[in-house]
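Colleague: Structure file start.cif, mmCIF, C-alpha atoms, is pasted below:
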data_coords
#
loop_
_atom_site.group_PDB
_atom_site.id
_atom_site.type_symbol
_atom_site.label_atom_id
_atom_site.label_comp_id
_atom_site.auth_asym_id
_atom_site.auth_seq_id
_atom_site.Cartn_x
_atom_site.Cartn_y
_atom_site.Cartn_z
ATOM 1 C CA MET A 209 111.635 70.084 13.374
ATOM 2 C CA ASN A 210 115.219 70.389 12.139
ATOM 3 C CA LYS A 211 117.219 67.673 10.408
ATOM 4 C CA PRO A 212 119.616 66.195 13.002
ATOM 5 C CA VAL A 213 123.250 67.260 12.744
ATOM 6 C CA PHE A 214 123.976 63.522 12.785
ATOM 7 C CA THR A 215 122.448 60.281 13.986
ATOM 8 C CA GLY A 216 124.489 57.431 15.428
ATOM 9 C CA SER A 217 128.017 57.763 16.777
ATOM 10 C CA CYS A 218 130.137 60.912 16.775
ATOM 11 C CA VAL A 219 133.710 60.569 17.979
ATOM 12 C CA ALA A 220 134.995 63.175 20.416
ATOM 13 C CA ILE A 221 138.371 62.823 18.779
ATOM 14 C CA VAL A 222 141.670 63.090 20.637
ATOM 15 C CA THR A 223 144.331 65.556 19.536
ATOM 16 C CA PRO A 224 147.658 63.723 19.153
ATOM 17 C CA MET A 225 150.716 65.539 20.437
ATOM 18 C CA ASN A 226 154.419 65.405 19.590
ATOM 19 C CA TYR A 227 157.037 64.965 22.308
ATOM 20 C CA ASP A 228 157.469 68.740 22.535
ATOM 21 C CA GLY A 229 153.742 69.207 23.131
ATOM 22 C CA SER A 230 152.936 70.531 19.664
ATOM 23 C CA ILE A 231 150.058 69.073 17.672
ATOM 24 C CA ASN A 232 150.942 66.038 15.556
ATOM 25 C CA TYR A 233 148.896 66.749 12.443
ATOM 26 C CA GLU A 234 150.294 63.788 10.496
ATOM 27 C CA GLU A 235 148.958 61.388 13.130
ATOM 28 C CA TYR A 236 145.751 63.386 13.491
ATOM 29 C CA GLY A 237 145.041 62.831 9.814
ATOM 30 C CA LYS A 238 145.487 59.070 10.309
ATOM 31 C CA LEU A 239 143.034 59.134 13.214
ATOM 32 C CA ILE A 240 140.421 60.948 11.126
ATOM 33 C CA ASP A 241 140.734 58.399 8.309
ATOM 34 C CA PHE A 242 140.601 55.519 10.831
ATOM 35 C CA GLN A 243 137.345 56.882 12.207
ATOM 36 C CA ILE A 244 135.644 57.436 8.881
ATOM 37 C CA GLU A 245 136.817 54.106 7.435
ATOM 38 C CA ASN A 246 135.246 52.369 10.444
ATOM 39 C CA GLY A 247 131.830 53.959 10.218
ATOM 40 C CA THR A 248 131.929 56.947 12.550
ATOM 41 C CA ASP A 249 128.941 59.150 11.729
ATOM 42 C CA ALA A 250 130.438 62.529 12.716
ATOM 43 C CA ILE A 251 133.607 64.024 14.193
ATOM 44 C CA LEU A 252 133.820 66.478 17.074
ATOM 45 C CA ALA A 253 137.042 68.488 16.994
ATOM 46 C CA CYS A 254 138.281 70.523 19.955
ATOM 47 C CA GLY A 255 136.063 68.908 22.540
ATOM 48 C CA THR A 256 137.068 67.960 26.067
ATOM 49 C CA THR A 257 138.697 64.776 24.756
ATOM 50 C CA GLY A 258 140.559 66.889 22.194
ATOM 51 C CA GLU A 259 142.106 69.011 24.973
ATOM 52 C CA SER A 260 140.567 72.253 23.792
ATOM 53 C CA ALA A 261 141.037 73.726 27.273
ATOM 54 C CA VAL A 262 144.805 73.899 26.719
ATOM 55 C CA MET A 263 144.766 75.230 23.151
ATOM 56 C CA ASP A 264 145.324 78.880 22.390
ATOM 57 C CA HIS A 265 143.033 80.658 19.946
ATOM 58 C CA LYS A 266 145.301 80.136 16.924
ATOM 59 C CA GLU A 267 145.700 76.408 17.585
ATOM 60 C CA HIS A 268 141.988 75.984 18.220
ATOM 61 C CA CYS A 269 141.107 77.466 14.850
ATOM 62 C CA GLU A 270 143.900 75.580 13.073
ATOM 63 C CA VAL A 271 142.660 72.224 14.424
ATOM 64 C CA ILE A 272 139.111 72.972 13.285
ATOM 65 C CA GLU A 273 140.364 74.045 9.852
ATOM 66 C CA TYR A 274 142.563 70.949 9.470
ATOM 67 C CA THR A 275 139.722 68.659 10.527
ATOM 68 C CA LEU A 276 137.364 70.166 7.964
ATOM 69 C CA LYS A 277 139.902 69.883 5.145
ATOM 70 C CA LYS A 278 140.874 66.319 6.035
ATOM 71 C CA VAL A 279 137.292 65.124 6.475
ATOM 72 C CA ASP A 280 136.365 66.832 3.196
ATOM 73 C CA LYS A 281 132.609 66.518 3.789
ATOM 74 C CA ARG A 282 132.712 62.737 4.237
ATOM 75 C CA VAL A 283 130.894 63.134 7.570
ATOM 76 C CA PRO A 284 129.642 66.163 9.525
ATOM 77 C CA VAL A 285 132.257 68.059 11.537
ATOM 78 C CA ILE A 286 131.246 69.628 14.839
ATOM 79 C CA ALA A 287 133.565 72.251 16.295
ATOM 80 C CA GLY A 288 133.914 72.785 20.017
ATOM 81 C CA THR A 289 133.561 76.537 20.536
ATOM 82 C CA GLY A 290 132.356 76.854 24.115
ATOM 83 C CA SER A 291 133.772 79.167 26.754
ATOM 84 C CA ASN A 292 132.897 80.561 30.163
ATOM 85 C CA ASP A 293 133.324 83.981 28.524
ATOM 86 C CA THR A 294 130.227 84.590 26.413
ATOM 87 C CA ALA A 295 131.952 87.122 24.158
ATOM 88 C CA TYR A 296 134.802 84.713 23.435
ATOM 89 C CA ALA A 297 132.353 81.875 22.746
ATOM 90 C CA VAL A 298 130.714 84.127 20.146
ATOM 91 C CA GLU A 299 134.124 84.858 18.603
ATOM 92 C CA LEU A 300 135.085 81.173 18.387
ATOM 93 C CA THR A 301 131.681 80.241 16.992
ATOM 94 C CA ARG A 302 132.020 82.892 14.292
ATOM 95 C CA GLU A 303 135.432 81.453 13.373
ATOM 96 C CA ALA A 304 133.985 77.934 13.138
ATOM 97 C CA LYS A 305 131.148 79.164 10.933
ATOM 98 C CA LYS A 306 133.621 80.975 8.663
ATOM 99 C CA LEU A 307 135.795 77.852 8.383
ATOM 100 C CA GLY A 308 132.781 75.775 7.341
ATOM 101 C CA ALA A 309 131.887 73.687 10.393
ATOM 102 C CA ASP A 310 128.578 71.837 10.136
ATOM 103 C CA ALA A 311 127.687 72.644 13.749
ATOM 104 C CA VAL A 312 129.243 73.790 17.009
ATOM 105 C CA LEU A 313 129.310 72.361 20.522
ATOM 106 C CA SER A 314 128.959 74.909 23.316
ATOM 107 C CA VAL A 315 129.648 73.923 26.921
ATOM 108 C CA THR A 316 128.014 75.473 29.976
ATOM 109 C CA PRO A 317 130.114 78.200 31.621
ATOM 110 C CA TYR A 318 132.668 76.706 34.009
ATOM 111 C CA TYR A 319 134.345 78.176 37.115
ATOM 112 C CA ASN A 320 132.318 81.390 37.105
ATOM 113 C CA LYS A 321 129.235 79.187 36.373
ATOM 114 C CA THR A 322 125.857 80.947 36.250
ATOM 115 C CA SER A 323 122.165 80.639 37.106
ATOM 116 C CA GLN A 324 119.511 79.060 34.862
ATOM 117 C CA THR A 325 118.582 82.567 33.710
ATOM 118 C CA GLY A 326 122.254 83.152 32.959
ATOM 119 C CA LEU A 327 122.399 79.969 30.906
ATOM 120 C CA VAL A 328 119.479 81.147 28.781
ATOM 121 C CA ARG A 329 121.162 84.521 28.258
ATOM 122 C CA HIS A 330 124.594 82.969 27.555
ATOM 123 C CA PHE A 331 123.471 80.404 24.987
ATOM 124 C CA SER A 332 120.882 82.705 23.403
ATOM 125 C CA THR A 333 123.516 85.396 22.902
ATOM 126 C CA ILE A 334 125.758 82.948 21.035
ATOM 127 C CA ALA A 335 122.908 81.455 19.007
ATOM 128 C CA ASN A 336 121.593 84.871 18.027
ATOM 129 C CA ALA A 337 125.037 86.092 16.982
ATOM 130 C CA VAL A 338 125.960 83.242 14.634
ATOM 131 C CA ASP A 339 123.655 81.387 12.248
ATOM 132 C CA ILE A 340 124.945 77.827 12.707
ATOM 133 C CA PRO A 341 123.400 74.718 14.307
ATOM 134 C CA MET A 342 124.367 74.696 17.967
ATOM 135 C CA ILE A 343 124.630 71.674 20.249
ATOM 136 C CA LEU A 344 124.614 72.507 23.938
ATOM 137 C CA TYR A 345 126.964 70.581 26.230
ATOM 138 C CA ASN A 346 125.834 69.758 29.741
ATOM 139 C CA VAL A 347 128.636 68.210 31.820
ATOM 140 C CA PRO A 348 128.054 69.137 35.479
ATOM 141 C CA SER A 349 130.929 67.000 36.796
ATOM 142 C CA ARG A 350 133.411 69.262 34.995
ATOM 143 C CA THR A 351 131.720 72.644 35.102
ATOM 144 C CA GLY A 352 129.718 72.719 38.338
ATOM 145 C CA CYS A 353 126.827 74.008 36.239
ATOM 146 C CA CYS A 354 123.779 72.021 35.111
ATOM 147 C CA ILE A 355 121.132 72.768 32.482
ATOM 148 C CA LYS A 356 117.713 71.911 33.925
ATOM 149 C CA PRO A 357 115.035 70.324 31.703
ATOM 150 C CA GLU A 358 112.866 73.439 32.011
ATOM 151 C CA THR A 359 115.816 75.551 30.831
ATOM 152 C CA TYR A 360 116.260 73.301 27.801
ATOM 153 C CA ALA A 361 112.555 73.850 27.053
ATOM 154 C CA GLU A 362 113.198 77.592 26.902
ATOM 155 C CA LEU A 363 116.454 77.347 24.975
ATOM 156 C CA CYS A 364 115.127 75.055 22.250
ATOM 157 C CA LYS A 365 112.711 77.781 21.160
ATOM 158 C CA ASN A 366 115.760 79.336 19.468
ATOM 159 C CA PRO A 367 115.985 77.874 15.937
ATOM 160 C CA ASN A 368 119.784 77.686 16.062
ATOM 161 C CA ILE A 369 119.810 75.614 19.260
ATOM 162 C CA VAL A 370 119.098 72.187 17.822
ATOM 163 C CA ALA A 371 120.531 69.595 20.213
ATOM 164 C CA THR A 372 122.331 68.825 23.442
ATOM 165 C CA LYS A 373 125.164 66.577 24.477
ATOM 166 C CA GLU A 374 123.840 65.394 27.827
ATOM 167 C CA ALA A 375 126.708 64.176 30.013
ATOM 168 C CA GLY A 376 124.887 64.220 33.318
ATOM 169 C CA ASP A 377 124.426 60.959 35.200
ATOM 170 C CA LYS A 378 120.662 61.196 35.772
ATOM 171 C CA ILE A 379 118.658 59.334 33.165
ATOM 172 C CA GLY A 380 115.471 60.795 34.613
ATOM 173 C CA GLU A 381 116.626 64.330 33.813
ATOM 174 C CA ALA A 382 117.394 63.343 30.222
ATOM 175 C CA ALA A 383 113.964 61.752 29.938
ATOM 176 C CA LYS A 384 112.280 64.868 31.297
ATOM 177 C CA THR A 385 114.195 67.023 28.814
ATOM 178 C CA MET A 386 112.958 64.854 25.942
ATOM 179 C CA ALA A 387 109.402 64.991 27.255
ATOM 180 C CA LEU A 388 109.451 68.791 27.531
ATOM 181 C CA CYS A 389 111.275 69.549 24.281
ATOM 182 C CA GLY A 390 110.006 66.859 21.931
ATOM 183 C CA ASP A 391 111.173 67.301 18.344
ATOM 184 C CA ASN A 392 112.552 70.779 19.075
ATOM 185 C CA LEU A 393 115.744 69.394 20.648
ATOM 186 C CA ASP A 394 117.788 66.345 19.666
ATOM 187 C CA VAL A 395 119.455 64.608 22.592
ATOM 188 C CA TYR A 396 122.837 62.892 22.351
ATOM 189 C CA THR A 397 124.397 61.211 25.323
ATOM 190 C CA GLY A 398 127.926 62.236 26.238
ATOM 191 C CA CYS A 399 128.434 59.095 28.331
ATOM 192 C CA ASP A 400 129.311 55.906 26.451
ATOM 193 C CA ASP A 401 127.805 53.747 29.191
ATOM 194 C CA MET A 402 124.444 55.530 28.811
ATOM 195 C CA THR A 403 124.147 55.066 25.041
ATOM 196 C CA VAL A 404 121.500 52.335 24.929
ATOM 197 C CA PRO A 405 119.374 53.728 27.795
ATOM 198 C CA VAL A 406 119.290 57.246 26.338
ATOM 199 C CA MET A 407 118.667 56.070 22.783
ATOM 200 C CA SER A 408 115.875 53.775 23.986
ATOM 201 C CA LEU A 409 114.073 56.931 25.111
ATOM 202 C CA GLY A 410 114.520 58.618 21.748
ATOM 203 C CA GLY A 411 118.080 59.935 21.849
ATOM 204 C CA LYS A 412 119.655 60.424 18.428
ATOM 205 C CA GLY A 413 123.076 59.011 19.284
ATOM 206 C CA VAL A 414 126.258 59.402 21.291
ATOM 207 C CA ILE A 415 129.211 61.790 21.283
ATOM 208 C CA SER A 416 131.747 59.191 22.251
ATOM 209 C CA VAL A 417 135.149 58.729 23.859
ATOM 210 C CA PHE A 418 134.986 54.946 23.345
ATOM 211 C CA SER A 419 134.723 55.478 19.586
ATOM 212 C CA ASN A 420 138.349 56.625 19.538
ATOM 213 C CA VAL A 421 139.440 53.025 20.096
ATOM 214 C CA MET A 422 136.444 51.101 18.724
ATOM 215 C CA PRO A 423 134.665 53.266 16.120
ATOM 216 C CA LYS A 424 133.122 50.355 14.228
ATOM 217 C CA GLU A 425 131.616 48.841 17.377
ATOM 218 C CA MET A 426 130.274 52.147 18.711
ATOM 219 C CA HIS A 427 128.715 52.888 15.340
ATOM 220 C CA GLU A 428 127.115 49.441 15.337
ATOM 221 C CA ILE A 429 125.650 49.856 18.846
ATOM 222 C CA ALA A 430 124.150 53.218 17.923
ATOM 223 C CA THR A 431 122.845 51.928 14.584
ATOM 224 C CA LEU A 432 121.144 48.976 16.274
ATOM 225 C CA CYS A 433 119.418 51.436 18.602
ATOM 226 C CA LEU A 434 118.264 53.574 15.695
ATOM 227 C CA GLU A 435 116.859 50.440 14.069
ATOM 228 C CA GLY A 436 114.999 49.530 17.269
ATOM 229 C CA ASN A 437 117.070 46.404 17.929
ATOM 230 C CA PHE A 438 117.723 47.218 21.574
ATOM 231 C CA LYS A 439 118.255 43.583 22.553
ATOM 232 C CA LYS A 440 121.310 43.226 20.316
ATOM 233 C CA ALA A 441 122.473 46.759 21.145
ATOM 234 C CA ALA A 442 122.297 45.967 24.857
ATOM 235 C CA GLU A 443 124.269 42.752 24.365
ATOM 236 C CA MET A 444 127.058 44.656 22.642
ATOM 237 C CA HIS A 445 126.865 47.494 25.154
ATOM 238 C CA LEU A 446 127.296 45.118 28.085
ATOM 239 C CA TYR A 447 130.098 43.199 26.367
ATOM 240 C CA TYR A 448 132.147 46.379 25.870
ATOM 241 C CA LEU A 449 131.153 48.038 29.158
ATOM 242 C CA GLU A 450 134.391 47.107 30.934
ATOM 243 C CA LEU A 451 136.448 48.838 28.250
ATOM 244 C CA MET A 452 134.146 51.863 28.218
ATOM 245 C CA ASN A 453 134.666 52.218 31.960
ATOM 246 C CA ALA A 454 138.416 51.571 31.792
ATOM 247 C CA LEU A 455 138.791 54.584 29.517
ATOM 248 C CA PHE A 456 137.731 56.669 32.526
ATOM 249 C CA CYS A 457 140.112 55.127 35.083
ATOM 250 C CA ASP A 458 141.718 58.578 35.236
ATOM 251 C CA VAL A 459 140.754 62.028 33.992
ATOM 252 C CA ASN A 460 139.662 62.019 30.344
ATOM 253 C CA PRO A 461 141.512 62.053 27.939
ATOM 254 C CA ILE A 462 144.528 60.575 29.776
ATOM 255 C CA PRO A 463 143.377 56.929 29.518
ATOM 256 C CA VAL A 464 142.006 57.064 25.978
ATOM 257 C CA LYS A 465 145.193 58.610 24.589
ATOM 258 C CA GLU A 466 147.231 55.932 26.343
ATOM 259 C CA ALA A 467 144.872 53.259 25.018
ATOM 260 C CA MET A 468 145.428 54.519 21.485
ATOM 261 C CA ASN A 469 149.180 54.468 22.029
ATOM 262 C CA MET A 470 148.770 50.834 23.110
ATOM 263 C CA MET A 471 146.979 50.171 19.817
ATOM 264 C CA GLY A 472 149.979 51.426 17.838
ATOM 265 C CA PHE A 473 148.898 55.005 17.200
ATOM 266 C CA ASN A 474 151.255 57.822 18.117
ATOM 267 C CA CYS A 475 148.984 60.057 20.183
ATOM 268 C CA GLY A 476 151.617 61.120 22.697
ATOM 269 C CA ALA A 477 150.777 62.435 26.138
ATOM 270 C CA CYS A 478 148.319 65.049 27.332
ATOM 271 C CA ARG A 479 149.365 68.609 27.987
ATOM 272 C CA LEU A 480 149.709 69.814 31.558
ATOM 273 C CA PRO A 481 147.977 69.916 33.944
ATOM 274 C CA LEU A 482 147.066 66.361 32.870
ATOM 275 C CA VAL A 483 149.824 63.841 33.569
ATOM 276 C CA PRO A 484 150.459 60.214 32.529
ATOM 277 C CA LEU A 485 148.684 57.287 34.151
ATOM 278 C CA SER A 486 150.095 55.873 37.345
ATOM 279 C CA GLU A 487 151.822 52.502 36.994
ATOM 280 C CA LYS A 488 148.825 50.800 38.616
ATOM 281 C CA SER A 489 146.319 52.449 36.275
ATOM 282 C CA TYR A 490 148.525 51.751 33.258
ATOM 283 C CA GLU A 491 148.687 48.043 34.070
ATOM 284 C CA TYR A 492 144.929 47.937 34.644
ATOM 285 C CA LEU A 493 144.196 49.630 31.332
ATOM 286 C CA LYS A 494 146.690 47.371 29.564
ATOM 287 C CA SER A 495 144.991 44.263 30.977
ATOM 288 C CA VAL A 496 141.622 45.427 29.655
ATOM 289 C CA MET A 497 143.080 46.308 26.258
ATOM 290 C CA VAL A 498 144.641 42.824 26.088
ATOM 291 C CA LYS A 499 141.293 41.259 26.970
ATOM 292 C CA TYR A 500 139.630 42.974 23.995
ATOM 293 C CA GLY A 501 142.508 42.187 21.628
ATOM 294 C CA LEU A 502 143.563 45.803 21.228
ATOM 295 C CA PHE A 503 147.035 45.831 22.783
ATOM 296 C CA LYS A 504 149.959 45.771 20.362
ATOM 297 C CA GLU A 505 153.441 44.906 21.607
ATOM 298 C CA LYS A 506 156.013 47.513 20.656
ATOM 299 C CA ILE A 507 158.703 46.169 18.369
#
Show me the file's structure as structure tokens.

Modeller:
Amino acid sequence: MNKPVFTGSCVAIVTPMNYDGSINYEEYGKLIDFQIENGTDAILACGTTGESAVMDHKEHCEVIEYTLKKVDKRVPVIAGTGSNDTAYAVELTREAKKLGADAVLSVTPYYNKTSQTGLVRHFSTIANAVDIPMILYNVPSRTGCCIKPETYAELCKNPNIVATKEAGDKIGEAAKTMALCGDNLDVYTGCDDMTVPVMSLGGKGVISVFSNVMPKEMHEIATLCLEGNFKKAAEMHLYYLELMNALFCDVNPIPVKEAMNMMGFNCGACRLPLVPLSEKSYEYLKSVMVKYGLFKEKI
């Protein structure tokens, strides 16, 4: 049994952009401090929410390096290093290890996809090439590829494969994975609205989009679960559910970046092919942000 990379709430942090599309590191540093000051238990850099898919190799490594220096060991830093090209995933994972990341997040191959046997080969190749804790990332809605519970049972035999970010929508599959893998695989939910259900089954926490806007509250929900106070956790979960869902009124991370702009941060827009919210979606998100006291009028 390995020590968990983290327990509680890990923010899948956004990457703020300048008007010209370059990375706004000054604002990024403010976001990191905001997260840590409000109790976030870990930071995931270069995840889906961080727009890793539209970063080149140099940028990807620079963001990881900046995150590590800014965090300065205050909380664990997880680096997104997945790819649908196994060789490139190995390369990125080696870079993250060299830079000092505490762990890496590796997504299932997308577009070319693969079989369950291919998933075992893909992830095992990465894990065997680089000695660093590895969190798998199962997000079938984005990749068209799903890790089955029986495949997790095979993968978790590798000592470097320590956890998964489970972003599927089937709680029964997550439960089966936990039953088959036991203490050999930590399970984090990748869906904010599944935090309490997954943690009630033994999940170690959440890798969260919602935490970008409400880090203190997401940390508190996860902590209550870890303490076994599921009644209070559920009350909070249900209270914030509307906001959790509103942050997915369009393709992530379009809404969450706009929500943070509404809060007074300068996160800018997403890079193409993601485009700004429609007027209707903007007004809907604004109304929800107002309801939760998060909207700040621009002066």

Colleague: Hey, which of A:Asn437, A:Ser495, A:Asn420, A:Thr385 ends up closest to Ile221 of chain A? Count only C-alpha atoms.

Modeller: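 Nearest to Ile221 of chain A: A:Asn420.
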
Colleague: Do you know which residues the PyMOL selection byres ((chain A and resi 501) around 12) returns on this file, as a short mmCIF file (atom, residue, chain, number, x, y, z; two decimals) with C-alpha atoms, in the coordinates of the input?

Modeller:
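The resulting file, expr.cif, is reproduced below:
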data_model
loop_
_atom_site.label_atom_id
_atom_site.label_comp_id
_atom_site.auth_asym_id
_atom_site.auth_seq_id
_atom_site.Cartn_x
_atom_site.Cartn_y
_atom_site.Cartn_z
CA VAL A 421 139.44 53.02 20.10
CA MET A 422 136.44 51.10 18.72
CA TYR A 448 132.15 46.38 25.87
CA LEU A 451 136.45 48.84 28.25
CA ALA A 467 144.87 53.26 25.02
CA MET A 470 148.77 50.83 23.11
CA MET A 471 146.98 50.17 19.82
CA LYS A 494 146.69 47.37 29.56
CA SER A 495 144.99 44.26 30.98
CA VAL A 496 141.62 45.43 29.66
CA MET A 497 143.08 46.31 26.26
CA VAL A 498 144.64 42.82 26.09
CA LYS A 499 141.29 41.26 26.97
CA TYR A 500 139.63 42.97 24.00
CA LEU A 502 143.56 45.80 21.23
CA PHE A 503 147.04 45.83 22.78
CA LYS A 504 149.96 45.77 20.36
CA GLU A 505 153.44 44.91 21.61
#

Colleague: For Glu303 of chain A, which residue among A:Val347, A:Asn226, A:Val279, A:Val338 is the nearest when counting all atoms listed in the file?

Modeller: A:Val338

Colleague: To one decimal place, how far is atom CA of Tyr396 of chain A from atom CA of Asn320 of chain A in Å?

Modeller: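 Computing the Euclidean distance for atom CA of Tyr396 of chain A and atom CA of Asn320 of chain A yields 25.5 Å.
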
Colleague: Please provide the set of residues having any atom within 9 Å of segment 281-283 of chain A, restricted to all atoms listed in the file, with same-chain residues fewer than 3 positions apart removed, written as a list in words.

Modeller: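 Residues meeting the cut-off are Phe214, Ile244, Thr248, Asp249, Ala250, Ile251, Leu276, Lys277 and Lys278 of chain A.
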
Colleague: Need to verify the contact set: Tyr296 of chain A, 12 Å, all atoms listed in the file, exclusion of same-chain residues closer than 6 positions in sequence. Can you return it as a list in words?

Modeller: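 Here the answer would be His265, Thr289, Gly290, Arg302, Glu303, Ser314, Pro317, His330, Thr333, Ile334 and Ala337 of chain A.
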
Colleague: May I have the selected residues written with C-alpha atoms, as a PDB file, in the coordinates of the input?

Modeller:
ATOM      1  CA  HIS A 265     143.033  80.658  19.946  1.00  0.00           C
ATOM      2  CA  THR A 289     133.561  76.537  20.536  1.00  0.00           C
ATOM      3  CA  GLY A 290     132.356  76.854  24.115  1.00  0.00           C
ATOM      4  CA  ARG A 302     132.020  82.892  14.292  1.00  0.00           C
ATOM      5  CA  GLU A 303     135.432  81.453  13.373  1.00  0.00           C
ATOM      6  CA  SER A 314     128.959  74.909  23.316  1.00  0.00           C
ATOM      7  CA  PRO A 317     130.114  78.200  31.621  1.00  0.00           C
ATOM      8  CA  HIS A 330     124.594  82.969  27.555  1.00  0.00           C
ATOM      9  CA  THR A 333     123.516  85.396  22.902  1.00  0.00           C
ATOM     10  CA  ILE A 334     125.758  82.948  21.035  1.00  0.00           C
ATOM     11  CA  ALA A 337     125.037  86.092  16.982  1.00  0.00           C
TER      12      ALA A 337
END

Colleague: Applied to this file, what does the PyMOL selection byres ((chain A and resi 463) around 12) return in terms of residues, put as a ChimeraX atom specification?

Modeller: /A:222,257,417-418,420-421,451-462,464-470,475-478,482-486,489-494,496-497

Colleague: With the file shown as input, list the residues that the PyMOL selection byres ((chain A and resi 354) around 10) selects, as JSON, numbers by chain.

Modeller: {"A": [316, 317, 321, 322, 323, 324, 327, 345, 346, 347, 348, 349, 351, 352, 353, 355, 356, 357, 359, 374, 375, 376]}

Colleague: Report as a PyMOL selection string all protein, DNA and RNA residues lying within 10 Å of Lys384 of chain A, evaluated on all atoms listed in the file, omitting residues in the same chain fewer than 3 positions from it.

Modeller: chain A and resi 356-358+360-361+379-381+387-390

Colleague: Hey, what's within 6 Å of Leu344 of chain A if we count only C-alpha atoms and toss same-chain stuff fewer than 2 positions away? As a PyMOL selection string, please?

Modeller: chain A and resi 313-314+372-373

Colleague: By how many Å are atom CA of His268 of chain A and atom CA of Ile415 of chain A apart?

Modeller: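 Distance reported for this atom pair: 19.3 Å.
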
Colleague: Set the distance at 12 Å and use all atoms listed in the file: which residues neighbour Ala304 of chain A once local chain neighbours fewer than 5 positions away are removed? I'd like the list as a ChimeraX atom specification.

Modeller: /A:253-254,265,268-276,285-290,297-299,309-314,338-342

Colleague: Restricted to C-alpha atoms, what would the selected residues look like written as a tab-separated table (two decimals), in the frame of the given file?

Modeller:
chain	number	residue	atom	x	y	z
A	253	ALA	CA	137.04	68.49	16.99
A	254	CYS	CA	138.28	70.52	19.95
A	265	HIS	CA	143.03	80.66	19.95
A	268	HIS	CA	141.99	75.98	18.22
A	269	CYS	CA	141.11	77.47	14.85
A	270	GLU	CA	143.90	75.58	13.07
A	271	VAL	CA	142.66	72.22	14.42
A	272	ILE	CA	139.11	72.97	13.28
A	273	GLU	CA	140.36	74.04	9.85
A	274	TYR	CA	142.56	70.95	9.47
A	275	THR	CA	139.72	68.66	10.53
A	276	LEU	CA	137.36	70.17	7.96
A	285	VAL	CA	132.26	68.06	11.54
A	286	ILE	CA	131.25	69.63	14.84
A	287	ALA	CA	133.56	72.25	16.30
A	288	GLY	CA	133.91	72.78	20.02
A	289	THR	CA	133.56	76.54	20.54
A	290	GLY	CA	132.36	76.85	24.12
A	297	ALA	CA	132.35	81.88	22.75
A	298	VAL	CA	130.71	84.13	20.15
A	299	GLU	CA	134.12	84.86	18.60
A	309	ALA	CA	131.89	73.69	10.39
A	310	ASP	CA	128.58	71.84	10.14
A	311	ALA	CA	127.69	72.64	13.75
A	312	VAL	CA	129.24	73.79	17.01
A	313	LEU	CA	129.31	72.36	20.52
A	314	SER	CA	128.96	74.91	23.32
A	338	VAL	CA	125.96	83.24	14.63
A	339	ASP	CA	123.66	81.39	12.25
A	340	ILE	CA	124.94	77.83	12.71
A	341	PRO	CA	123.40	74.72	14.31
A	342	MET	CA	124.37	74.70	17.97

Colleague: Which distance in Å separates atom CA of Lys506 of chain A and atom CA of Asp228 of chain A, to one decimal?

Modeller: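 If I compute the distance from atom CA of Lys506 of chain A to atom CA of Asp228 of chain A, I get 21.4 Å.
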
Colleague: In terms of the shortest atom-to-atom distance over all atoms listed in the file, which of A:Ile231, A:Leu300, A:Ala261, A:Ala371 is closest to Asn210 of chain A?

Modeller: A:Ala371

Colleague: When distances are computed from only C-alpha atoms, which of A:Leu446, A:Asp394, A:Leu434, A:Lys440 shows the smallest separation from Lys211 of chain A?

Modeller: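 Once distances to Lys211 of chain A are computed over only C-alpha atoms, the minimum belongs to A:Asp394.
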